[in-house]
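The structure under discussion appears below in the form of structure tokens.
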Amino acid sequence: MNVLFYVPAASLAGLFIWAVLAPRGLWKLLISWSYRDAYRNEPSAAVFGLYRLVAMVGIVALAASALALRQSEPGAAADPEHPATPAEQMWGAPAPLVLNRVAMPLTEAPATLVEVPILGFHSVDGATRRPGYLFALKQFERKDATEANGLLGVPPPPGLAALDTADLVVHVTGDPRCFPQQVVVEEGSDVVSVGVFYGQPNPSDGSNLAHLGDCDPTPGARTAVSLLIPLKLDDALGSRTVHALDGAAVPRVKILGE
């Protein structure tokens, strides 16, 4: 708790409450001494009523400020009545969405798009649908995120989800103005290197090409869209690690219960 706020605020709240309950008494204590004839200069009932109104506004303002400060403190956002879901425990809140698209990886990074950081990964066994929680997550949907506008990948085969054919999911958070459009995958015996590239919607007439790469690679947490992208590999991920294209290691997210 922020003592520098709460101690003065508590004192001020006490004065406000006194002003609401007994404005005349508060005036006598704090102000009447400044007049030679306090009786003749005592405010009218209307003025005391105004004191009460101002004090009530002050109480509401202090309460709102205290609530806002409390919610900003570490751990304050946790709601004991709504415990974090498995997905939130692994990837953070809110739970990420799943991109239900089968990626068609490139071999080179596209020059017109923006690479976003990969925040984590874990393996997927599409044949057995494990880990099962992935298949219960909501899918990424956006009206202007279409193949014609550059959306990553192609639809999964009829009756299947993209996760059914995946060996790996990677976690990214993207600029809400943009969406994933390309992915680069380079497989080695020990390392799988992945790059995810975002862009703004690309109308079929090409009118927005100049702004395609106008995306923030690290948007603020409140606006970013949390997304899991399924990827099909030539071989199962196994014990291989995942790196970004620049060689930086990506953390492996441990599946709950492992």
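Labels used: A, B, ... for chains in the order of the structure tokens, numbers from 1 for residues in each chain, and numbers from 1 for ligands as shown.
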
Counting only C-alpha atoms, what are the residues of region 43-124 of chain A within 6 Å of region 216-238 of chain A, and for each of them which pair of atoms is the nearest and at what distance in Å, to one decimal? Sort the table by chain and rising number, as a tab-separated table.
residue	atom	partner	partner_atom	distance
A:Pro96	CA	A:Ser226	CA	4.7
A:Leu97	CA	A:Leu227	CA	4.8
A:Val98	CA	A:Leu228	CA	4.8
A:Leu99	CA	A:Ile229	CA	5.4
A:Val116	CA	A:Pro217	CA	4.8

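For region 8-21 of chain A, the residues within 12 Å (counting only C-alpha atoms, excluding itself and residues fewer than 4 positions away along the chain) are Asn2, Val3, Leu4, Gly25, Leu26, Trp27, Lys28, Leu29, Leu30, Val47, Phe48, Gly49, Leu50, Tyr51, Arg52, Leu53, Val54, Ala55, Met56, Val57, Gly58, Ile59, Val60, Ala61, Leu62, Ala63, Ala64, Ser65 and Ala66 of chain A.
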
Query raised in the report: What lies within 12 Å of Glu88 (chain A) using only C-alpha atoms, ignoring chain neighbours under 2 positions off, as a ChimeraX atom specification?
Result: /A:78,82-86,90-97,133-134,137,226,253,255-256

Query - Test item, alpha helix (DSSP H) assignment across region 37-191 of chain A, answer as an MDAnalysis selection string - result: chainID A and resid 45:72 86:91

So that I have them on file, write out the residues from the current selection with C-alpha atoms, as a compact mmCIF listing (two decimals), in the first residue's frame.
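After the write, again-v5.txt holds the following:
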# COMPACT_ATOMS: atom_id res chain seq x y z
CA ALA A 45 -27.30 27.95 6.49
CA ALA A 46 -26.93 28.02 2.68
CA VAL A 47 -23.15 28.31 2.98
CA PHE A 48 -23.02 25.40 5.43
CA GLY A 49 -25.08 23.42 2.93
CA LEU A 50 -22.48 24.22 0.28
CA TYR A 51 -19.77 22.97 2.68
CA ARG A 52 -21.63 19.67 2.94
CA LEU A 53 -21.90 19.34 -0.86
CA VAL A 54 -18.20 20.07 -1.43
CA ALA A 55 -17.24 17.62 1.31
CA MET A 56 -19.37 14.85 -0.22
CA VAL A 57 -17.73 15.42 -3.61
CA GLY A 58 -14.34 15.23 -1.88
CA ILE A 59 -15.22 11.92 -0.23
CA VAL A 60 -16.25 10.42 -3.58
CA ALA A 61 -13.05 11.68 -5.24
CA LEU A 62 -10.85 10.24 -2.50
CA ALA A 63 -12.64 6.88 -2.67
CA ALA A 64 -12.20 6.72 -6.46
CA SER A 65 -8.50 7.62 -6.18
CA ALA A 66 -7.92 4.98 -3.49
CA LEU A 67 -9.66 2.33 -5.59
CA ALA A 68 -7.63 3.19 -8.69
CA LEU A 69 -4.38 3.09 -6.72
CA ARG A 70 -5.31 -0.19 -5.10
CA GLN A 71 -6.06 -1.81 -8.47
CA SER A 72 -2.71 -0.64 -9.84
CA PRO A 86 -4.94 -22.96 -17.29
CA ALA A 87 -4.33 -20.91 -20.44
CA GLU A 88 -4.01 -17.69 -18.39
CA GLN A 89 -1.65 -19.37 -15.94
CA MET A 90 0.64 -20.37 -18.81
CA TRP A 91 0.36 -17.46 -21.22

Taking only C-alpha atoms into account, produce a table as a tab-separated table in which each residue of region 102-158 of chain A with an atom at most 12 Å from an atom of region 193-200 of chain A appears once, together with its shortest atom pair and the distance in Å to one decimal, ordered by chain and rising number.
residue	atom	partner	partner_atom	distance
A:Ala103	CA	A:Val196	CA	10.5
A:Met104	CA	A:Val196	CA	11.7
A:Pro105	CA	A:Val194	CA	9.3
A:Leu106	CA	A:Gly195	CA	9.5
A:Thr107	CA	A:Gly195	CA	10.0
A:Glu108	CA	A:Gly195	CA	9.4
A:Ala109	CA	A:Gly195	CA	7.6
A:Pro110	CA	A:Phe197	CA	7.8
A:Ala111	CA	A:Phe197	CA	9.7
A:Thr112	CA	A:Gly199	CA	8.1
A:Leu113	CA	A:Gly199	CA	5.4
A:Val114	CA	A:Phe197	CA	5.2
A:Glu115	CA	A:Phe197	CA	4.3
A:Val116	CA	A:Val196	CA	6.0
A:Pro117	CA	A:Val196	CA	7.7
A:Ile118	CA	A:Val196	CA	7.5
A:Leu119	CA	A:Val196	CA	11.0
A:Gly120	CA	A:Val194	CA	11.2
A:Phe121	CA	A:Val194	CA	10.4
A:Asp144	CA	A:Gln200	CA	9.6
A:Ala145	CA	A:Gln200	CA	9.0
A:Thr146	CA	A:Gln200	CA	11.2
A:Asn149	CA	A:Gln200	CA	8.3
A:Gly150	CA	A:Gly199	CA	8.0
A:Leu151	CA	A:Gly199	CA	8.8
A:Leu152	CA	A:Tyr198	CA	9.0
A:Gly153	CA	A:Val196	CA	11.8

Query raised in the report: What is the CA of Lys138 (chain A) to CA of Arg252 (chain A) distance in Å?
Result: 21.9 Å

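Considering only C-alpha atoms, the residue among A:Glu186, A:Gly159, A:Asp214, A:Ala38 positioned nearest to Gly174 (chain A) is A:Asp214.
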
Query - strand (DSSP E or B) call set, DSSP backbone run, region 16-217 of chain A, as an NGL selection string - result: :A and (97-98 or 102 or 106 or 114-116 or 120-123 or 125 or 130 or 139 or 154 or 168-174 or 179-187 or 191-199)

Take the residues that were just selected and, keeping N, CA and C atoms, output them as a compact mmCIF listing (two decimals), in the first residue's frame.
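result_34.txt, written as the output of this step:
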# COMPACT_ATOMS: atom_id res chain seq x y z
N LEU A 97 -5.97 -16.07 -27.97
CA LEU A 97 -6.80 -16.64 -29.02
C LEU A 97 -5.94 -17.56 -29.87
N VAL A 98 -6.58 -18.46 -30.61
CA VAL A 98 -5.86 -19.37 -31.50
C VAL A 98 -6.14 -18.97 -32.94
N VAL A 102 -3.66 -22.88 -41.25
CA VAL A 102 -2.48 -23.70 -41.49
C VAL A 102 -1.44 -22.82 -42.18
N LEU A 106 7.52 -19.17 -45.07
CA LEU A 106 8.48 -18.66 -46.03
C LEU A 106 9.89 -19.10 -45.61
N VAL A 114 6.30 -6.37 -40.43
CA VAL A 114 6.98 -6.10 -39.16
C VAL A 114 7.09 -7.38 -38.35
N GLU A 115 8.30 -7.75 -37.96
CA GLU A 115 8.49 -8.94 -37.14
C GLU A 115 8.13 -8.61 -35.69
N VAL A 116 7.36 -9.50 -35.05
CA VAL A 116 6.95 -9.30 -33.66
C VAL A 116 7.67 -10.32 -32.78
N GLY A 120 6.76 -17.12 -26.22
CA GLY A 120 6.83 -18.46 -25.65
C GLY A 120 6.36 -19.48 -26.66
N PHE A 121 6.58 -20.76 -26.33
CA PHE A 121 6.15 -21.84 -27.22
C PHE A 121 5.94 -23.11 -26.41
N HIS A 122 5.18 -24.02 -26.94
CA HIS A 122 5.23 -25.42 -26.50
C HIS A 122 4.74 -26.32 -27.61
N SER A 123 5.04 -27.59 -27.48
CA SER A 123 4.75 -28.55 -28.54
C SER A 123 3.28 -28.95 -28.52
N ASP A 125 0.61 -32.18 -30.01
CA ASP A 125 0.42 -33.48 -30.67
C ASP A 125 -0.98 -33.47 -31.27
N ARG A 130 -3.47 -33.16 -27.97
CA ARG A 130 -2.87 -32.77 -26.69
C ARG A 130 -1.88 -31.63 -26.93
N GLN A 139 -11.15 -18.84 -31.02
CA GLN A 139 -10.36 -18.61 -32.22
C GLN A 139 -10.32 -17.12 -32.58
N VAL A 154 -3.69 -20.84 -44.69
CA VAL A 154 -4.89 -21.26 -45.42
C VAL A 154 -5.82 -21.98 -44.44
N LEU A 168 3.62 -27.49 -33.09
CA LEU A 168 4.16 -26.41 -32.27
C LEU A 168 3.18 -25.25 -32.27
N VAL A 169 3.07 -24.56 -31.12
CA VAL A 169 2.38 -23.27 -31.08
C VAL A 169 3.35 -22.24 -30.54
N VAL A 170 3.33 -21.06 -31.14
CA VAL A 170 4.13 -19.95 -30.65
C VAL A 170 3.20 -18.82 -30.23
N HIS A 171 3.62 -18.10 -29.20
CA HIS A 171 2.78 -17.04 -28.61
C HIS A 171 3.32 -15.67 -29.00
N VAL A 172 2.45 -14.83 -29.54
CA VAL A 172 2.80 -13.46 -29.88
C VAL A 172 1.69 -12.53 -29.40
N THR A 173 2.02 -11.27 -29.24
CA THR A 173 1.00 -10.24 -29.00
C THR A 173 1.18 -9.18 -30.07
N GLY A 174 0.08 -8.80 -30.71
CA GLY A 174 0.18 -7.93 -31.86
C GLY A 174 -0.58 -6.63 -31.74
N PHE A 179 -2.53 -7.79 -38.19
CA PHE A 179 -2.71 -9.21 -37.90
C PHE A 179 -1.57 -10.00 -38.55
N PRO A 180 -1.35 -11.26 -38.14
CA PRO A 180 -0.23 -12.03 -38.69
C PRO A 180 -0.45 -12.33 -40.17
N GLN A 181 0.60 -12.10 -40.96
CA GLN A 181 0.47 -12.29 -42.40
C GLN A 181 1.47 -13.30 -42.97
N GLN A 182 2.63 -13.42 -42.34
CA GLN A 182 3.62 -14.37 -42.82
C GLN A 182 4.38 -14.96 -41.64
N VAL A 183 4.93 -16.14 -41.86
CA VAL A 183 5.77 -16.77 -40.86
C VAL A 183 6.96 -17.41 -41.57
N VAL A 184 8.11 -17.34 -40.92
CA VAL A 184 9.31 -17.99 -41.43
C VAL A 184 9.69 -19.09 -40.46
N VAL A 185 9.96 -20.29 -40.97
CA VAL A 185 10.37 -21.42 -40.14
C VAL A 185 11.63 -22.04 -40.73
N GLU A 186 12.66 -22.15 -39.90
CA GLU A 186 13.91 -22.80 -40.31
C GLU A 186 14.19 -23.92 -39.32
N GLU A 187 14.18 -25.16 -39.79
CA GLU A 187 14.35 -26.31 -38.91
C GLU A 187 15.78 -26.83 -38.94
N VAL A 191 17.57 -26.91 -33.18
CA VAL A 191 16.86 -25.64 -33.03
C VAL A 191 15.86 -25.46 -34.17
N VAL A 192 14.69 -24.92 -33.82
CA VAL A 192 13.72 -24.48 -34.81
C VAL A 192 13.63 -22.96 -34.70
N SER A 193 14.01 -22.26 -35.76
CA SER A 193 13.96 -20.80 -35.76
C SER A 193 12.66 -20.32 -36.40
N VAL A 194 11.98 -19.40 -35.72
CA VAL A 194 10.66 -18.95 -36.17
C VAL A 194 10.61 -17.42 -36.15
N GLY A 195 10.02 -16.87 -37.17
CA GLY A 195 9.73 -15.44 -37.21
C GLY A 195 8.28 -15.23 -37.61
N VAL A 196 7.57 -14.38 -36.89
CA VAL A 196 6.17 -14.08 -37.18
C VAL A 196 6.09 -12.61 -37.60
N PHE A 197 5.41 -12.35 -38.71
CA PHE A 197 5.39 -11.01 -39.30
C PHE A 197 3.96 -10.51 -39.41
N TYR A 198 3.76 -9.29 -38.91
CA TYR A 198 2.44 -8.65 -38.90
C TYR A 198 2.37 -7.56 -39.97
N GLY A 199 1.15 -7.29 -40.41
CA GLY A 199 0.90 -6.20 -41.34
C GLY A 199 -0.53 -5.71 -41.22

Requested in this report: Write out as a PyMOL selection string each polymer residue whose atoms come within 12 Å of Ala127 (chain A), counting only C-alpha atoms; drop sequence neighbours fewer than 2 positions from it.
Outcome: chain A and resi 124-125+129-132+160-167+236

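Interatomic distance, CA of Asn202 (chain A) to CA of Asp175 (chain A): 15.3 Å.
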